[in-house]
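S.K.: Take this structure first; my questions come after.
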Amino acid sequence: MRIADSISRLGTETAFAVAAKAAAHAAAGGKVYPFHLGDLNIPTAQIVQDAAMKAMRDGKTNYCPPAGIAPLRDAMAQDTNSKRGTKYSMENVSMQPGGKPVISKFLMALMNPGDEVLCPNPGFPIYESQIEFLGGKVLPYPIIPAGDYFTFDLDALEKLITPRTKLLIINDYHNPTGAELSAAERERMVEIANRHNLMVLLDEAYFETHYDNKATSLVSLPGMVERSVLLYTFSKKFAMTGWRLGAAIGPKAIIDTFNKLNVNIESCTCQFVQWAGLAGLTGDQSGPEKIVGTLRERRDVAVDILNSTPGVTCIKPNASFYLYPDVTDLMARKGFGDNYDAFAEDVLTKTGVSFCTRLHFGRPLPGETRRYIRLAFSGIDAADIRDGLGKLKSYAS
Ligand code: PLP
């Protein structure tokens, strides 16, 4: 048997390896504090659950149009317009089985072999994986701390651009750092995209997981509607990670291409899940608001403990459910230098705290001197956050 050559270029979400180590620690009788999980331990919003049951009973169990059911496409367009000031209609929306497929379909629709794609680093590892799998070249641009927030290094980004650079991936409200652009940086990012005629994937997976309700989208700025595809997901807002429901929203010609890819790949997104998503989007918003409230409380508890832990500093993100603390001093003091794996293993063994590290979010860039880990607070209750990070603090003291 010979597996296709292109598969050797396919990456993965290596966080699964961390999960295996945590499971082994638990099997040996240890308590695990699962900060590695990028998943939620919160039930799916009730109105979504109820609507799914009803849709199944009503027989919404067969194929539906590849682009998605019309009422949901229409509601997606209206929801996007109300939050981003755009003028989309349903022909600008292609429903997807999750947000993740929007990444590969965006590249399939717009990238030719050899084209260069700017993507955030550290960043969601699937960008690098899919760009290389589909024959493109990754241009990683740094995400950097800027005082009390993380942002995108726009000077570095601009220097990477060549005549072969066609696409730009932006993950505002960023995984793993929570990075978001300031107003001035947003203007500059858009100016760069316009000047270099870049098509943009706006991955807004965490747009709705925003703690001061002030999320704004780059798509609202001049020239961006024409050149952007928005990645929308139901996974985080409604705690629907396993249901697989998302959408691509963008110019009609690109969305038509997405729909053609849908026909070829999955035919359509599960119909009763779409009816459930419609209820979530258009119904009472107290369920999703409660989810954000729970996450906000967890964030505050975790950041306070981390910032009182010797050798650790942690920026408090306004959005996403991840923390990206700087642990350089702690790793140095414990004698680990830049050996992330040994550090993570030592912490897991001695405290039960399980986490991903910088290495899980793209290949490190030359000249990086600070060391970071990523803690997700979406899959662990506030009491366990206190307990687990309390143990980490004792380990560090
Ligand atoms: N984009 C980013 C930045 C993410 O972190 C994730 C999930 O963790 C996704 C996209 C895809 O999420 P989903 O496929 O569950 O919608």
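Each chain in the structure tokens gets a letter, A, B and so on, in the order shown; residues start at 1 in every chain, and ligands are counted from 1 in the order they appear.
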If we count only C-alpha atoms, what is near Leu278 in chain A at a cut-off of 10 Å, once residues fewer than 4 positions away on the same chain are taken out, given as a ChimeraX atom specification?
M.R.: /A:47-48,51-52,69,71-76,272-274,282-283
S.K.: With only C-alpha atoms and all ligand atoms counted, collect every polymer residue having an atom within 10 Å of ligand 1; state the result as a ChimeraX atom specification.
M.R.: /A:13,37-39,96-103,123-127,170-176,178,202-206,231-236,239-247,320-322
S.K.: If you measure from CA of Ala24 in chain A to CA of Gly311 in chain A, what distance in Å do you get, rounded to one decimal?
M.R.: 27.8 Å
S.K.: Taking 3 positions as the minimum chain separation for residues in the same chain, which residues sit within 10 Å of Gln130 in chain A when counting only C-alpha atoms? Answer as a PyMOL selection string.
M.R.: chain A and resi 9-12+103-105+107-108+125-127+133-136+138
S.K.: Within range 1-199 of chain A, find each residue whose DSSP state, derived from the backbone, is alpha helix (DSSP H), and express the selection as a PyMOL selection string.
M.R.: chain A and resi 15-27+46-57+70-84+100-110+125-133+154-160+183-195
S.K.: Export, as a PDB file, in the first residue's frame, the selected residues with C-alpha atoms.
M.R.:
ATOM      1  CA  ALA A  15      -2.983  18.686  21.235  1.00  0.00           C
ATOM      2  CA  PHE A  16      -4.336  15.150  20.934  1.00  0.00           C
ATOM      3  CA  ALA A  17      -0.908  13.860  22.079  1.00  0.00           C
ATOM      4  CA  VAL A  18      -1.229  16.006  25.221  1.00  0.00           C
ATOM      5  CA  ALA A  19      -4.658  14.483  25.825  1.00  0.00           C
ATOM      6  CA  ALA A  20      -3.113  11.002  25.646  1.00  0.00           C
ATOM      7  CA  LYS A  21      -0.532  11.896  28.317  1.00  0.00           C
ATOM      8  CA  ALA A  22      -3.230  13.390  30.531  1.00  0.00           C
ATOM      9  CA  ALA A  23      -5.315  10.213  30.108  1.00  0.00           C
ATOM     10  CA  ALA A  24      -2.313   8.079  31.118  1.00  0.00           C
ATOM     11  CA  HIS A  25      -1.818  10.243  34.239  1.00  0.00           C
ATOM     12  CA  ALA A  26      -5.501   9.762  35.113  1.00  0.00           C
ATOM     13  CA  ALA A  27      -5.334   5.998  34.461  1.00  0.00           C
ATOM     14  CA  GLN A  46     -31.242  24.421  25.556  1.00  0.00           C
ATOM     15  CA  ILE A  47     -33.196  26.035  22.691  1.00  0.00           C
ATOM     16  CA  VAL A  48     -30.776  24.426  20.258  1.00  0.00           C
ATOM     17  CA  GLN A  49     -31.225  20.992  21.827  1.00  0.00           C
ATOM     18  CA  ASP A  50     -35.020  21.305  21.764  1.00  0.00           C
ATOM     19  CA  ALA A  51     -35.096  22.465  18.151  1.00  0.00           C
ATOM     20  CA  ALA A  52     -32.877  19.569  17.055  1.00  0.00           C
ATOM     21  CA  MET A  53     -35.214  17.002  18.656  1.00  0.00           C
ATOM     22  CA  LYS A  54     -38.221  18.629  17.035  1.00  0.00           C
ATOM     23  CA  ALA A  55     -36.544  18.788  13.618  1.00  0.00           C
ATOM     24  CA  MET A  56     -35.620  15.104  13.811  1.00  0.00           C
ATOM     25  CA  ARG A  57     -39.182  14.173  14.772  1.00  0.00           C
ATOM     26  CA  ALA A  70     -32.733  28.801   3.020  1.00  0.00           C
ATOM     27  CA  PRO A  71     -34.085  30.107   6.374  1.00  0.00           C
ATOM     28  CA  LEU A  72     -30.723  29.541   8.058  1.00  0.00           C
ATOM     29  CA  ARG A  73     -28.721  31.125   5.227  1.00  0.00           C
ATOM     30  CA  ASP A  74     -31.035  34.100   5.396  1.00  0.00           C
ATOM     31  CA  ALA A  75     -30.759  34.326   9.208  1.00  0.00           C
ATOM     32  CA  MET A  76     -26.955  34.045   9.000  1.00  0.00           C
ATOM     33  CA  ALA A  77     -26.842  36.954   6.558  1.00  0.00           C
ATOM     34  CA  GLN A  78     -29.102  39.085   8.797  1.00  0.00           C
ATOM     35  CA  ASP A  79     -27.142  38.186  11.941  1.00  0.00           C
ATOM     36  CA  THR A  80     -23.851  39.083  10.247  1.00  0.00           C
ATOM     37  CA  ASN A  81     -25.281  42.358   8.931  1.00  0.00           C
ATOM     38  CA  SER A  82     -26.584  43.386  12.342  1.00  0.00           C
ATOM     39  CA  LYS A  83     -23.228  42.760  14.058  1.00  0.00           C
ATOM     40  CA  ARG A  84     -20.841  43.867  11.316  1.00  0.00           C
ATOM     41  CA  LYS A 100     -12.923  24.243  10.154  1.00  0.00           C
ATOM     42  CA  PRO A 101     -13.976  23.228   6.598  1.00  0.00           C
ATOM     43  CA  VAL A 102     -14.088  26.941   5.685  1.00  0.00           C
ATOM     44  CA  ILE A 103     -10.284  26.989   5.973  1.00  0.00           C
ATOM     45  CA  SER A 104      -9.609  24.236   3.447  1.00  0.00           C
ATOM     46  CA  LYS A 105     -12.410  25.313   1.101  1.00  0.00           C
ATOM     47  CA  PHE A 106     -11.145  28.923   1.125  1.00  0.00           C
ATOM     48  CA  LEU A 107      -7.722  27.627   0.047  1.00  0.00           C
ATOM     49  CA  MET A 108      -9.195  25.222  -2.539  1.00  0.00           C
ATOM     50  CA  ALA A 109     -11.280  28.049  -3.989  1.00  0.00           C
ATOM     51  CA  LEU A 110      -8.540  30.704  -4.185  1.00  0.00           C
ATOM     52  CA  PRO A 125      -2.259  24.654  13.327  1.00  0.00           C
ATOM     53  CA  ILE A 126      -4.753  23.697  10.628  1.00  0.00           C
ATOM     54  CA  TYR A 127      -3.842  26.792   8.558  1.00  0.00           C
ATOM     55  CA  GLU A 128      -0.251  25.610   8.020  1.00  0.00           C
ATOM     56  CA  SER A 129      -1.368  22.042   7.507  1.00  0.00           C
ATOM     57  CA  GLN A 130      -3.957  22.839   4.833  1.00  0.00           C
ATOM     58  CA  ILE A 131      -1.830  25.401   2.982  1.00  0.00           C
ATOM     59  CA  GLU A 132       1.025  22.911   2.601  1.00  0.00           C
ATOM     60  CA  PHE A 133      -1.241  19.949   1.860  1.00  0.00           C
ATOM     61  CA  LEU A 154       2.234  44.261  11.008  1.00  0.00           C
ATOM     62  CA  ASP A 155       5.783  45.438  10.207  1.00  0.00           C
ATOM     63  CA  ALA A 156       6.923  41.824   9.971  1.00  0.00           C
ATOM     64  CA  LEU A 157       3.797  40.881   8.018  1.00  0.00           C
ATOM     65  CA  GLU A 158       4.398  43.562   5.420  1.00  0.00           C
ATOM     66  CA  LYS A 159       8.036  42.575   4.927  1.00  0.00           C
ATOM     67  CA  LEU A 160       7.000  39.010   4.055  1.00  0.00           C
ATOM     68  CA  ALA A 183      -8.432  50.490  15.926  1.00  0.00           C
ATOM     69  CA  ALA A 184      -5.286  51.943  14.325  1.00  0.00           C
ATOM     70  CA  GLU A 185      -3.905  48.478  13.607  1.00  0.00           C
ATOM     71  CA  ARG A 186      -7.200  47.459  11.996  1.00  0.00           C
ATOM     72  CA  GLU A 187      -6.934  50.396   9.582  1.00  0.00           C
ATOM     73  CA  ARG A 188      -3.364  49.481   8.750  1.00  0.00           C
ATOM     74  CA  MET A 189      -4.162  45.789   8.225  1.00  0.00           C
ATOM     75  CA  VAL A 190      -6.945  46.712   5.808  1.00  0.00           C
ATOM     76  CA  GLU A 191      -4.696  49.181   3.992  1.00  0.00           C
ATOM     77  CA  ILE A 192      -2.113  46.409   3.506  1.00  0.00           C
ATOM     78  CA  ALA A 193      -4.735  43.938   2.221  1.00  0.00           C
ATOM     79  CA  ASN A 194      -6.111  46.523  -0.208  1.00  0.00           C
ATOM     80  CA  ARG A 195      -2.709  47.739  -1.442  1.00  0.00           C
TER      81      ARG A 195
END
S.K.: From a DSSP pass on the backbone, collect the residues of range 88-334 of chain A flagged as strand (DSSP E or B) and hand them back as a ChimeraX atom specification.
M.R.: /A:93-96,116-121,137-146,149-152,165-170,199-203,210,228-233,246-249,313,319,322-323,326
S.K.: Rounded to one decimal place, report the CA of Ser378 in chain A-CA of Leu40 in chain A distance in Å.
M.R.: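 About the pair CA of Ser378 in chain A and CA of Leu40 in chain A: they are 4.7 Å apart.
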S.K.: Do a neighbour search on Asn339 in chain A at 10 Å with only C-alpha atoms, toss out local chain neighbours closer than 6 positions, and write the hits as a list in words.
M.R.: Met331, Ala332 and Arg371 of chain A
S.K.: With distances taken over only C-alpha atoms, which of A:Ser8, A:Thr177, A:Asn259, A:Thr151 is nearest to Leu323 in chain A?
M.R.: A:Thr177
S.K.: So that I can check the surroundings of Gln271 in chain A, please list as a ChimeraX atom specification every protein, DNA and RNA residue that reaches within 10 Å of it, counting only C-alpha atoms and ignoring chain neighbours fewer than 5 positions away.
M.R.: /A:52,55-56,59-65,68-69,276-277
